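Content type compact mmCIF, N, CA and C atoms and all ligand atoms, from the file structure-v6.txt:
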# COMPACT_ATOMS: atom_id res chain seq x y z
N ALA A 1 -29.03 103.41 134.66
CA ALA A 1 -29.79 104.48 135.32
C ALA A 1 -30.76 103.90 136.33
N ILE A 2 -31.07 104.69 137.34
CA ILE A 2 -32.07 104.26 138.31
C ILE A 2 -33.44 104.33 137.64
N GLU A 3 -34.16 103.22 137.67
CA GLU A 3 -35.49 103.13 137.04
C GLU A 3 -36.50 102.62 138.07
N ARG A 4 -37.77 102.77 137.68
CA ARG A 4 -38.85 102.12 138.42
C ARG A 4 -39.57 101.17 137.49
N THR A 5 -39.98 100.04 138.03
CA THR A 5 -40.77 99.09 137.26
C THR A 5 -41.95 98.63 138.09
N PHE A 6 -42.92 98.04 137.40
CA PHE A 6 -44.14 97.59 138.06
C PHE A 6 -44.15 96.08 138.14
N SER A 7 -44.59 95.57 139.28
CA SER A 7 -44.59 94.13 139.53
C SER A 7 -45.94 93.69 140.11
N ILE A 8 -46.36 92.50 139.72
CA ILE A 8 -47.53 91.87 140.38
C ILE A 8 -47.11 90.49 140.87
N ILE A 9 -47.37 90.22 142.15
CA ILE A 9 -47.28 88.85 142.66
C ILE A 9 -48.67 88.27 142.48
N LYS A 10 -48.78 87.25 141.66
CA LYS A 10 -50.07 86.77 141.14
C LYS A 10 -50.77 85.81 142.13
N PRO A 11 -52.05 85.51 141.84
CA PRO A 11 -52.85 84.70 142.78
C PRO A 11 -52.25 83.32 143.10
N ASP A 12 -51.59 82.68 142.14
CA ASP A 12 -51.04 81.35 142.46
C ASP A 12 -50.00 81.46 143.56
N ALA A 13 -49.27 82.59 143.58
CA ALA A 13 -48.20 82.78 144.57
C ALA A 13 -48.75 83.24 145.91
N THR A 14 -49.72 84.16 145.90
CA THR A 14 -50.27 84.61 147.20
C THR A 14 -50.98 83.44 147.88
N LYS A 15 -51.66 82.61 147.09
CA LYS A 15 -52.38 81.45 147.66
C LYS A 15 -51.43 80.49 148.36
N ARG A 16 -50.23 80.34 147.82
CA ARG A 16 -49.26 79.40 148.39
C ARG A 16 -48.33 80.09 149.41
N ASN A 17 -48.69 81.34 149.79
CA ASN A 17 -47.95 82.06 150.83
C ASN A 17 -46.49 82.30 150.45
N LEU A 18 -46.28 82.65 149.17
CA LEU A 18 -44.91 82.85 148.67
C LEU A 18 -44.51 84.32 148.54
N THR A 19 -45.36 85.22 149.06
CA THR A 19 -45.10 86.66 148.90
C THR A 19 -43.70 87.04 149.40
N GLY A 20 -43.37 86.64 150.61
CA GLY A 20 -42.08 87.01 151.20
C GLY A 20 -40.90 86.43 150.43
N LYS A 21 -41.02 85.18 150.02
CA LYS A 21 -39.93 84.54 149.27
C LYS A 21 -39.69 85.27 147.96
N ILE A 22 -40.78 85.70 147.32
CA ILE A 22 -40.63 86.41 146.04
C ILE A 22 -40.03 87.79 146.25
N ILE A 23 -40.50 88.51 147.27
CA ILE A 23 -39.93 89.84 147.54
C ILE A 23 -38.44 89.72 147.89
N SER A 24 -38.06 88.67 148.60
CA SER A 24 -36.63 88.46 148.89
C SER A 24 -35.79 88.36 147.62
N LYS A 25 -36.34 87.70 146.61
CA LYS A 25 -35.62 87.59 145.33
C LYS A 25 -35.39 88.97 144.72
N PHE A 26 -36.42 89.84 144.80
CA PHE A 26 -36.25 91.21 144.28
C PHE A 26 -35.17 91.93 145.08
N GLU A 27 -35.28 91.87 146.39
CA GLU A 27 -34.34 92.60 147.25
C GLU A 27 -32.92 92.06 147.10
N ASP A 28 -32.77 90.76 147.00
CA ASP A 28 -31.44 90.17 146.82
C ASP A 28 -30.79 90.63 145.52
N ALA A 29 -31.63 90.98 144.53
CA ALA A 29 -31.12 91.45 143.24
C ALA A 29 -30.84 92.95 143.26
N GLY A 30 -31.09 93.61 144.38
CA GLY A 30 -30.81 95.04 144.49
C GLY A 30 -32.00 95.93 144.17
N LEU A 31 -33.18 95.32 144.02
CA LEU A 31 -34.39 96.12 143.79
C LEU A 31 -35.02 96.49 145.13
N ARG A 32 -35.53 97.72 145.20
CA ARG A 32 -36.17 98.19 146.44
C ARG A 32 -37.67 98.30 146.20
N VAL A 33 -38.45 97.85 147.18
CA VAL A 33 -39.91 98.00 147.10
C VAL A 33 -40.25 99.42 147.57
N VAL A 34 -40.66 100.29 146.64
CA VAL A 34 -40.96 101.69 147.02
C VAL A 34 -42.47 101.95 147.08
N ALA A 35 -43.26 100.94 146.69
CA ALA A 35 -44.72 101.00 146.87
C ALA A 35 -45.24 99.57 146.84
N SER A 36 -46.28 99.29 147.64
CA SER A 36 -46.78 97.93 147.71
C SER A 36 -48.20 97.92 148.26
N LYS A 37 -49.09 97.17 147.63
CA LYS A 37 -50.39 96.92 148.25
C LYS A 37 -50.97 95.59 147.80
N ARG A 38 -51.68 94.96 148.74
CA ARG A 38 -52.34 93.70 148.46
C ARG A 38 -53.79 94.04 148.11
N ILE A 39 -54.22 93.60 146.95
CA ILE A 39 -55.57 93.93 146.47
C ILE A 39 -56.22 92.69 145.86
N HIS A 40 -57.53 92.73 145.77
CA HIS A 40 -58.22 91.74 144.96
C HIS A 40 -58.69 92.49 143.72
N MET A 41 -58.06 92.24 142.60
CA MET A 41 -58.40 92.96 141.36
C MET A 41 -59.85 92.73 140.98
N THR A 42 -60.46 93.78 140.46
CA THR A 42 -61.78 93.61 139.88
C THR A 42 -61.62 93.07 138.45
N GLN A 43 -62.70 92.53 137.93
CA GLN A 43 -62.70 92.06 136.55
C GLN A 43 -62.31 93.22 135.61
N ALA A 44 -62.85 94.41 135.88
CA ALA A 44 -62.56 95.57 135.02
C ALA A 44 -61.08 95.95 135.09
N GLN A 45 -60.50 95.87 136.28
CA GLN A 45 -59.06 96.17 136.41
C GLN A 45 -58.23 95.15 135.62
N ALA A 46 -58.56 93.87 135.76
CA ALA A 46 -57.81 92.82 135.06
C ALA A 46 -57.93 93.02 133.55
N GLU A 47 -59.14 93.28 133.07
CA GLU A 47 -59.36 93.46 131.63
C GLU A 47 -58.64 94.70 131.12
N GLY A 48 -58.66 95.76 131.91
CA GLY A 48 -57.99 97.01 131.52
C GLY A 48 -56.48 96.86 131.53
N PHE A 49 -55.97 96.24 132.58
CA PHE A 49 -54.53 96.09 132.71
C PHE A 49 -53.95 95.26 131.56
N TYR A 50 -54.66 94.20 131.19
CA TYR A 50 -54.17 93.30 130.15
C TYR A 50 -54.80 93.58 128.78
N ALA A 51 -55.34 94.78 128.58
CA ALA A 51 -56.03 95.13 127.33
C ALA A 51 -55.15 94.88 126.09
N VAL A 52 -53.83 95.03 126.26
CA VAL A 52 -52.90 94.81 125.15
C VAL A 52 -52.98 93.36 124.62
N HIS A 53 -53.46 92.45 125.46
CA HIS A 53 -53.58 91.03 125.06
C HIS A 53 -55.00 90.64 124.64
N LYS A 54 -55.87 91.64 124.49
CA LYS A 54 -57.30 91.43 124.20
C LYS A 54 -57.59 90.43 123.10
N GLU A 55 -56.77 90.46 122.04
CA GLU A 55 -57.02 89.58 120.89
C GLU A 55 -56.40 88.20 121.05
N ARG A 56 -55.66 88.01 122.11
CA ARG A 56 -54.97 86.72 122.28
C ARG A 56 -55.94 85.67 122.81
N PRO A 57 -55.71 84.41 122.41
CA PRO A 57 -56.63 83.35 122.82
C PRO A 57 -56.68 83.14 124.34
N PHE A 58 -55.61 83.54 125.05
CA PHE A 58 -55.57 83.29 126.49
C PHE A 58 -56.15 84.43 127.32
N TYR A 59 -56.63 85.51 126.66
CA TYR A 59 -57.05 86.72 127.38
C TYR A 59 -58.16 86.46 128.41
N GLY A 60 -59.19 85.74 128.01
CA GLY A 60 -60.32 85.49 128.91
C GLY A 60 -59.89 84.72 130.14
N ASP A 61 -59.17 83.64 129.92
CA ASP A 61 -58.68 82.81 131.03
C ASP A 61 -57.74 83.60 131.93
N LEU A 62 -56.88 84.40 131.30
CA LEU A 62 -55.92 85.20 132.06
C LEU A 62 -56.65 86.16 133.00
N CYS A 63 -57.68 86.84 132.48
CA CYS A 63 -58.41 87.80 133.32
C CYS A 63 -59.13 87.08 134.46
N SER A 64 -59.75 85.94 134.19
CA SER A 64 -60.42 85.17 135.25
C SER A 64 -59.42 84.74 136.32
N TYR A 65 -58.26 84.28 135.86
CA TYR A 65 -57.21 83.86 136.79
C TYR A 65 -56.75 85.02 137.67
N MET A 66 -56.59 86.20 137.08
CA MET A 66 -56.06 87.34 137.85
C MET A 66 -57.03 87.84 138.91
N VAL A 67 -58.32 87.50 138.78
CA VAL A 67 -59.29 87.89 139.82
C VAL A 67 -59.64 86.71 140.72
N SER A 68 -58.92 85.60 140.59
CA SER A 68 -59.25 84.39 141.35
C SER A 68 -58.75 84.43 142.79
N GLY A 69 -57.97 85.44 143.13
CA GLY A 69 -57.44 85.56 144.49
C GLY A 69 -56.69 86.86 144.62
N PRO A 70 -56.17 87.13 145.82
CA PRO A 70 -55.43 88.38 146.01
C PRO A 70 -54.13 88.44 145.20
N VAL A 71 -53.72 89.65 144.91
CA VAL A 71 -52.43 89.88 144.27
C VAL A 71 -51.72 90.97 145.08
N VAL A 72 -50.40 91.05 144.91
CA VAL A 72 -49.65 92.15 145.52
C VAL A 72 -49.04 92.96 144.37
N VAL A 73 -49.50 94.22 144.25
CA VAL A 73 -48.95 95.11 143.22
C VAL A 73 -47.86 95.95 143.87
N GLN A 74 -46.75 96.14 143.14
CA GLN A 74 -45.61 96.84 143.73
C GLN A 74 -44.89 97.69 142.69
N VAL A 75 -44.21 98.70 143.19
CA VAL A 75 -43.25 99.45 142.38
C VAL A 75 -41.87 99.09 142.90
N LEU A 76 -41.00 98.66 142.00
CA LEU A 76 -39.63 98.29 142.35
C LEU A 76 -38.68 99.32 141.75
N GLU A 77 -37.71 99.73 142.52
CA GLU A 77 -36.78 100.77 142.07
C GLU A 77 -35.35 100.26 142.18
N GLY A 78 -34.53 100.66 141.22
CA GLY A 78 -33.11 100.30 141.29
C GLY A 78 -32.42 100.53 139.97
N GLU A 79 -31.13 100.26 139.94
CA GLU A 79 -30.32 100.37 138.72
C GLU A 79 -30.88 99.39 137.68
N ASP A 80 -31.24 99.89 136.51
CA ASP A 80 -31.79 99.04 135.44
C ASP A 80 -32.92 98.13 135.94
N ALA A 81 -33.82 98.73 136.71
CA ALA A 81 -34.86 97.94 137.40
C ALA A 81 -35.71 97.09 136.45
N ILE A 82 -35.98 97.62 135.26
CA ILE A 82 -36.89 96.89 134.34
C ILE A 82 -36.23 95.59 133.88
N ALA A 83 -35.00 95.70 133.40
CA ALA A 83 -34.27 94.51 132.94
C ALA A 83 -33.94 93.58 134.10
N LYS A 84 -33.54 94.17 135.22
CA LYS A 84 -33.17 93.35 136.38
C LYS A 84 -34.37 92.53 136.86
N ASN A 85 -35.53 93.17 136.92
CA ASN A 85 -36.73 92.45 137.36
C ASN A 85 -37.05 91.31 136.40
N ARG A 86 -36.91 91.56 135.10
CA ARG A 86 -37.19 90.51 134.12
C ARG A 86 -36.22 89.33 134.27
N GLU A 87 -34.98 89.67 134.61
CA GLU A 87 -33.98 88.63 134.84
C GLU A 87 -34.35 87.76 136.04
N VAL A 88 -34.76 88.44 137.12
CA VAL A 88 -35.10 87.73 138.36
C VAL A 88 -36.36 86.89 138.17
N MET A 89 -37.30 87.38 137.35
CA MET A 89 -38.55 86.63 137.10
C MET A 89 -38.30 85.37 136.28
N GLY A 90 -37.44 85.46 135.26
CA GLY A 90 -37.25 84.36 134.32
C GLY A 90 -38.30 84.40 133.22
N ALA A 91 -38.18 83.50 132.26
CA ALA A 91 -39.07 83.49 131.09
C ALA A 91 -40.53 83.29 131.49
N THR A 92 -41.43 83.84 130.66
CA THR A 92 -42.88 83.75 130.90
C THR A 92 -43.31 82.32 131.16
N ASN A 93 -42.83 81.41 130.31
CA ASN A 93 -43.16 79.99 130.48
C ASN A 93 -42.14 79.37 131.44
N PRO A 94 -42.61 78.89 132.60
CA PRO A 94 -41.65 78.34 133.58
C PRO A 94 -40.78 77.23 133.01
N ALA A 95 -41.27 76.54 131.98
CA ALA A 95 -40.47 75.48 131.35
C ALA A 95 -39.21 76.04 130.70
N ASP A 96 -39.26 77.33 130.34
CA ASP A 96 -38.11 77.98 129.69
C ASP A 96 -37.31 78.86 130.66
N ALA A 97 -37.75 78.95 131.90
CA ALA A 97 -37.12 79.90 132.84
C ALA A 97 -35.81 79.34 133.38
N ALA A 98 -34.81 80.20 133.47
CA ALA A 98 -33.48 79.79 133.96
C ALA A 98 -33.55 79.38 135.42
N PRO A 99 -32.70 78.42 135.81
CA PRO A 99 -32.66 77.97 137.20
C PRO A 99 -32.44 79.14 138.16
N GLY A 100 -33.12 79.11 139.28
CA GLY A 100 -32.95 80.16 140.29
C GLY A 100 -33.89 81.32 140.12
N THR A 101 -34.52 81.44 138.95
CA THR A 101 -35.46 82.54 138.75
C THR A 101 -36.77 82.24 139.48
N ILE A 102 -37.56 83.30 139.70
CA ILE A 102 -38.84 83.14 140.42
C ILE A 102 -39.74 82.15 139.69
N ARG A 103 -39.85 82.31 138.38
CA ARG A 103 -40.76 81.42 137.65
C ARG A 103 -40.25 79.98 137.61
N ALA A 104 -38.94 79.78 137.52
CA ALA A 104 -38.40 78.42 137.55
C ALA A 104 -38.70 77.77 138.90
N GLU A 105 -38.57 78.54 139.97
CA GLU A 105 -38.74 77.96 141.30
C GLU A 105 -40.20 77.80 141.71
N PHE A 106 -41.05 78.78 141.31
CA PHE A 106 -42.38 78.85 141.90
C PHE A 106 -43.55 78.69 140.93
N ALA A 107 -43.37 79.03 139.66
CA ALA A 107 -44.54 79.08 138.76
C ALA A 107 -45.15 77.71 138.54
N GLU A 108 -46.47 77.70 138.37
CA GLU A 108 -47.21 76.45 138.16
C GLU A 108 -47.43 76.15 136.68
N SER A 109 -47.54 77.21 135.86
CA SER A 109 -47.83 77.03 134.43
C SER A 109 -47.55 78.35 133.72
N ILE A 110 -47.69 78.37 132.40
CA ILE A 110 -47.46 79.62 131.65
C ILE A 110 -48.46 80.69 132.08
N GLU A 111 -49.65 80.30 132.50
CA GLU A 111 -50.63 81.28 132.98
C GLU A 111 -50.38 81.62 134.45
N ALA A 112 -50.35 80.61 135.29
CA ALA A 112 -50.13 80.81 136.73
C ALA A 112 -48.62 80.88 136.96
N ASN A 113 -48.02 81.96 136.45
CA ASN A 113 -46.56 82.06 136.43
C ASN A 113 -46.01 83.00 137.52
N SER A 114 -46.79 83.14 138.59
CA SER A 114 -46.35 83.74 139.87
C SER A 114 -46.10 85.25 139.89
N VAL A 115 -45.58 85.81 138.79
CA VAL A 115 -45.27 87.24 138.77
C VAL A 115 -45.51 87.84 137.39
N HIS A 116 -45.79 89.14 137.42
CA HIS A 116 -45.77 89.96 136.21
C HIS A 116 -44.75 91.05 136.41
N GLY A 117 -44.08 91.47 135.34
CA GLY A 117 -43.18 92.62 135.41
C GLY A 117 -43.22 93.39 134.11
N SER A 118 -43.10 94.71 134.20
CA SER A 118 -43.13 95.56 133.01
C SER A 118 -42.00 95.17 132.05
N ASP A 119 -42.27 95.36 130.73
CA ASP A 119 -41.27 94.95 129.74
C ASP A 119 -40.48 96.10 129.14
N ALA A 120 -40.85 97.35 129.43
CA ALA A 120 -40.16 98.50 128.83
C ALA A 120 -40.48 99.75 129.65
N PRO A 121 -39.68 100.81 129.49
CA PRO A 121 -39.91 102.03 130.28
C PRO A 121 -41.31 102.62 130.10
N GLU A 122 -41.83 102.62 128.87
CA GLU A 122 -43.16 103.21 128.63
C GLU A 122 -44.25 102.39 129.33
N THR A 123 -44.17 101.06 129.22
CA THR A 123 -45.18 100.23 129.87
C THR A 123 -45.03 100.30 131.39
N ALA A 124 -43.80 100.42 131.87
CA ALA A 124 -43.60 100.54 133.33
C ALA A 124 -44.33 101.78 133.84
N ALA A 125 -44.15 102.90 133.16
CA ALA A 125 -44.81 104.15 133.59
C ALA A 125 -46.33 104.00 133.56
N GLU A 126 -46.85 103.41 132.50
CA GLU A 126 -48.30 103.22 132.37
C GLU A 126 -48.84 102.28 133.45
N GLU A 127 -48.14 101.18 133.67
CA GLU A 127 -48.61 100.18 134.62
C GLU A 127 -48.56 100.71 136.05
N ILE A 128 -47.50 101.47 136.38
CA ILE A 128 -47.41 102.08 137.71
C ILE A 128 -48.61 103.00 137.91
N LYS A 129 -48.91 103.83 136.90
CA LYS A 129 -50.02 104.78 137.01
C LYS A 129 -51.37 104.10 137.11
N PHE A 130 -51.46 102.89 136.53
CA PHE A 130 -52.72 102.14 136.56
C PHE A 130 -53.11 101.78 137.99
N PHE A 131 -52.14 101.54 138.85
CA PHE A 131 -52.44 101.06 140.21
C PHE A 131 -52.01 102.01 141.34
N PHE A 132 -51.14 102.98 141.05
CA PHE A 132 -50.62 103.82 142.13
C PHE A 132 -50.74 105.31 141.81
N THR A 133 -51.03 106.09 142.86
CA THR A 133 -50.92 107.54 142.75
C THR A 133 -49.50 107.92 143.20
N ASP A 134 -49.07 109.11 142.83
CA ASP A 134 -47.70 109.54 143.15
C ASP A 134 -47.42 109.47 144.64
N ASP A 135 -48.40 109.85 145.47
CA ASP A 135 -48.16 109.90 146.91
C ASP A 135 -48.07 108.51 147.55
N GLU A 136 -48.43 107.48 146.82
CA GLU A 136 -48.31 106.11 147.35
C GLU A 136 -46.92 105.53 147.12
N ILE A 137 -46.10 106.23 146.34
CA ILE A 137 -44.75 105.76 146.02
C ILE A 137 -43.77 106.56 146.86
N VAL A 138 -43.05 105.83 147.73
CA VAL A 138 -42.14 106.49 148.65
C VAL A 138 -40.73 105.94 148.43
N GLY A 139 -39.92 106.70 147.75
CA GLY A 139 -38.58 106.24 147.37
C GLY A 139 -37.56 106.44 148.48
P1 LIG B 201 -47.53 88.30 132.10
O1 LIG B 201 -46.08 88.61 132.08
O2 LIG B 201 -48.33 88.85 133.22
O3 LIG B 201 -48.17 88.80 130.72
C1 LIG B 201 -49.31 88.18 130.16
C2 LIG B 201 -49.73 86.94 130.88
O4 LIG B 201 -50.59 86.09 130.17
C3 LIG B 201 -48.52 86.08 131.18
O5 LIG B 201 -47.69 86.70 132.13
C4 LIG B 201 -49.20 84.79 131.62
O6 LIG B 201 -49.68 84.85 132.95
C5 LIG B 201 -50.44 84.76 130.70
N1 LIG B 201 -50.36 83.80 129.61
C6 LIG B 201 -51.15 82.72 129.48
N2 LIG B 201 -50.88 82.05 128.38
C7 LIG B 201 -49.87 82.70 127.76
C8 LIG B 201 -49.15 82.49 126.56
N3 LIG B 201 -49.39 81.45 125.74
N4 LIG B 201 -48.18 83.38 126.23
C9 LIG B 201 -47.93 84.45 127.03
N5 LIG B 201 -48.59 84.69 128.18
C10 LIG B 201 -49.55 83.83 128.55

Representation of the structure as structure tokens:
Amino acid sequence: AIERTFSIIKPDATKRNLTGKIISKFEDAGLRVVASKRIHMTQAQAEGFYAVHKERPFYGDLCSYMVSGPVVVQVLEGEDAIAKNREVMGATNPADAAPGTIRAEFAESIEANSVHGSDAPETAAEEIKFFFTDDEIVG
């Protein structure tokens, strides 16, 4: 089915000017960018977005990292977009990511792993709503 998923190009990638190369990977996989904006997340946005990880030992560092530079938040649309995006991203830890995936090619570490992508339909809907209004999404 045609789905929408939420994506973040993280500060390690924007700093190294990899935005276009990463978007090409999405597009080459058949995903369409139907919403996109470059923002500098506030501390409150980072903490709210990653609230599900609040109890994890990496939460504080993760939030600091996510506000350390600009990010590009996007909505990607396509056939099985959630799974497809996860495939294109590769495993969270770049050491485990399959060759050719974004994280295998670009990620610096398990934290500075270049991209975020929604893991399920419910989280995709929540994450899209966290950063976009309906009128900002143009399919
Ligand atoms: P992301 O897919 O955005 O979801 C949570 C993020 O926490 C993850 O990518 C990484 O950037 C970061 N992170 C840092 N350490 C870990 C860890 N040990 N396990 C999972 N995620 C981690």

I need the residues in range 35-114 of chain A that are strand (DSSP E) according to DSSP; give them as a VMD selection string.
chain A and resid 35 to 39 71 to 79

Please, which residues have at least one atom within 6 Å of an atom of ligand LIG 201 (chain B), using only C-alpha atoms and all ligand atoms, listed as a CSV table (one decimal) with N, CA and C atoms, in the frame of the given file?
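Written output follows (out.csv):
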chain,number,residue,atom,x,y,z
A,58,PHE,N,-55.6,83.5,125.0
A,58,PHE,CA,-55.6,83.3,126.5
A,58,PHE,C,-56.2,84.4,127.3
A,62,LEU,N,-56.9,84.4,131.3
A,62,LEU,CA,-55.9,85.2,132.1
A,62,LEU,C,-56.6,86.2,133.0
A,92,THR,N,-41.4,83.8,130.7
A,92,THR,CA,-42.9,83.8,130.9
A,92,THR,C,-43.3,82.3,131.2
A,110,ILE,N,-47.7,78.4,132.4
A,110,ILE,CA,-47.5,79.6,131.6
A,110,ILE,C,-48.5,80.7,132.1
A,111,GLU,N,-49.6,80.3,132.5
A,111,GLU,CA,-50.6,81.3,133.0
A,111,GLU,C,-50.4,81.6,134.4
A,112,ALA,N,-50.4,80.6,135.3
A,112,ALA,CA,-50.1,80.8,136.7
A,112,ALA,C,-48.6,80.9,137.0
A,113,ASN,N,-48.0,82.0,136.4
A,113,ASN,CA,-46.6,82.1,136.4
A,113,ASN,C,-46.0,83.0,137.5
A,116,HIS,N,-45.8,89.1,137.4
A,116,HIS,CA,-45.8,90.0,136.2
A,116,HIS,C,-44.8,91.0,136.4
A,117,GLY,N,-44.1,91.5,135.3
A,117,GLY,CA,-43.2,92.6,135.4
A,117,GLY,C,-43.2,93.4,134.1

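The shortest atom-to-atom distance to Glu77 in chain A, with only C-alpha atoms taken into account, belongs to A:Val34 out of A:Ile23, A:Ala120, A:Val34, A:Ala13.
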
Of the candidates A:Ser109, A:Met66, A:Ser118, A:Arg32, which shows the shortest atom-to-atom distance to Asp96 in chain A, using only C-alpha atoms?
A:Ser109

Using all atoms listed in the file, list the residues that have an atom at most 6.5 Å from (-51.6, 94.3, 147.1), coordinates as in the file, as JSON, numbers by chain.
{"A": [36, 37, 38, 39, 40, 71, 72, 73]}

Store the residues picked out above in a file with N, CA and C atoms, as a JSON list (two decimals), in the frame of the given file.
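So out-v2.json came out as:
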[["chain", "number", "residue", "atom", "x", "y", "z"],
["A", 36, "SER", "N", -46.28, 99.29, 147.64],
["A", 36, "SER", "CA", -46.78, 97.93, 147.71],
["A", 36, "SER", "C", -48.20, 97.92, 148.26],
["A", 37, "LYS", "N", -49.09, 97.17, 147.63],
["A", 37, "LYS", "CA", -50.39, 96.92, 148.25],
["A", 37, "LYS", "C", -50.97, 95.59, 147.80],
["A", 38, "ARG", "N", -51.68, 94.96, 148.74],
["A", 38, "ARG", "CA", -52.34, 93.70, 148.46],
["A", 38, "ARG", "C", -53.79, 94.04, 148.11],
["A", 39, "ILE", "N", -54.22, 93.60, 146.95],
["A", 39, "ILE", "CA", -55.57, 93.93, 146.47],
["A", 39, "ILE", "C", -56.22, 92.69, 145.86],
["A", 40, "HIS", "N", -57.53, 92.73, 145.77],
["A", 40, "HIS", "CA", -58.22, 91.74, 144.96],
["A", 40, "HIS", "C", -58.69, 92.49, 143.72],
["A", 71, "VAL", "N", -53.72, 89.65, 144.91],
["A", 71, "VAL", "CA", -52.43, 89.88, 144.27],
["A", 71, "VAL", "C", -51.72, 90.97, 145.08],
["A", 72, "VAL", "N", -50.40, 91.05, 144.91],
["A", 72, "VAL", "CA", -49.65, 92.15, 145.52],
["A", 72, "VAL", "C", -49.04, 92.96, 144.37],
["A", 73, "VAL", "N", -49.50, 94.22, 144.25],
["A", 73, "VAL", "CA", -48.95, 95.11, 143.22],
["A", 73, "VAL", "C", -47.86, 95.95, 143.87]]

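In terms of minimum interatomic distance to Pro11 in chain A, A:Val67 ranks closest within A:Val67, A:Gln74, A:Arg103, A:Ala125, counting all atoms listed in the file.
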
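One finds CA of Glu3 in chain A at 14.6 Å from CA of Lys129 in chain A.
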
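Closest approach to Ala83 in chain A from the set A:Ser68, A:Thr5, A:Thr101, A:Thr19 is made by A:Thr5, with distances taken over all atoms listed in the file.
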
Using only N, CA and C atoms, the best pick from A:Lys21, A:Gln43, A:Arg56, A:Phe26 as closest to Met89 in chain A would be A:Phe26

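Going from CA of Gly30 in chain A over to CA of Ala81 in chain A, you cover 8.7 Å.
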
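Nearest residue to Glu79 in chain A, choosing from A:Leu31, A:Ile22, A:Ile128, A:Ile9 and counting only N, CA and C atoms: A:Leu31.
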
Restrict the output to range 77-82 of chain A and all heavy atoms, then write it as a PDB file, in the first residue's frame.
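Dumped everything to result21.pdb:
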ATOM      1  N   GLU A  77       6.877   9.458   0.714  1.00  0.00           N
ATOM      2  CA  GLU A  77       5.678   8.716   0.324  1.00  0.00           C
ATOM      3  C   GLU A  77       6.033   7.677  -0.726  1.00  0.00           C
ATOM      4  O   GLU A  77       6.872   7.928  -1.597  1.00  0.00           O
ATOM      5  CB  GLU A  77       4.657   9.711  -0.256  1.00  0.00           C
ATOM      6  CG  GLU A  77       3.310   9.101  -0.598  1.00  0.00           C
ATOM      7  CD  GLU A  77       2.369  10.154  -1.174  1.00  0.00           C
ATOM      8  OE1 GLU A  77       2.406  10.360  -2.400  1.00  0.00           O
ATOM      9  OE2 GLU A  77       1.624  10.765  -0.387  1.00  0.00           O
ATOM     10  N   GLY A  78       5.369   6.536  -0.644  1.00  0.00           N
ATOM     11  CA  GLY A  78       5.578   5.509  -1.668  1.00  0.00           C
ATOM     12  C   GLY A  78       5.030   4.172  -1.227  1.00  0.00           C
ATOM     13  O   GLY A  78       4.528   4.028  -0.100  1.00  0.00           O
ATOM     14  N   GLU A  79       5.139   3.187  -2.100  1.00  0.00           N
ATOM     15  CA  GLU A  79       4.710   1.819  -1.804  1.00  0.00           C
ATOM     16  C   GLU A  79       5.539   1.294  -0.615  1.00  0.00           C
ATOM     17  O   GLU A  79       6.768   1.325  -0.672  1.00  0.00           O
ATOM     18  CB  GLU A  79       4.941   0.970  -3.070  1.00  0.00           C
ATOM     19  CG  GLU A  79       4.377  -0.427  -3.024  1.00  0.00           C
ATOM     20  CD  GLU A  79       2.856  -0.466  -2.977  1.00  0.00           C
ATOM     21  OE1 GLU A  79       2.194   0.430  -3.536  1.00  0.00           O
ATOM     22  OE2 GLU A  79       2.320  -1.411  -2.370  1.00  0.00           O
ATOM     23  N   ASP A  80       4.873   0.862   0.433  1.00  0.00           N
ATOM     24  CA  ASP A  80       5.556   0.344   1.633  1.00  0.00           C
ATOM     25  C   ASP A  80       6.662   1.288   2.122  1.00  0.00           C
ATOM     26  O   ASP A  80       7.768   0.852   2.440  1.00  0.00           O
ATOM     27  CB  ASP A  80       6.166  -1.042   1.361  1.00  0.00           C
ATOM     28  CG  ASP A  80       5.101  -2.099   1.132  1.00  0.00           C
ATOM     29  OD1 ASP A  80       4.049  -2.044   1.796  1.00  0.00           O
ATOM     30  OD2 ASP A  80       5.320  -2.980   0.277  1.00  0.00           O
ATOM     31  N   ALA A  81       6.331   2.567   2.172  1.00  0.00           N
ATOM     32  CA  ALA A  81       7.347   3.598   2.453  1.00  0.00           C
ATOM     33  C   ALA A  81       8.082   3.373   3.778  1.00  0.00           C
ATOM     34  O   ALA A  81       9.286   3.631   3.863  1.00  0.00           O
ATOM     35  CB  ALA A  81       6.694   4.982   2.442  1.00  0.00           C
ATOM     36  N   ILE A  82       7.374   2.874   4.782  1.00  0.00           N
ATOM     37  CA  ILE A  82       8.012   2.731   6.109  1.00  0.00           C
ATOM     38  C   ILE A  82       9.121   1.682   6.053  1.00  0.00           C
ATOM     39  O   ILE A  82      10.262   1.941   6.451  1.00  0.00           O
ATOM     40  CB  ILE A  82       6.955   2.402   7.183  1.00  0.00           C
ATOM     41  CG1 ILE A  82       5.971   3.580   7.317  1.00  0.00           C
ATOM     42  CG2 ILE A  82       7.621   2.079   8.525  1.00  0.00           C
ATOM     43  CD1 ILE A  82       4.680   3.242   8.020  1.00  0.00           C
TER      44      ILE A  82
END
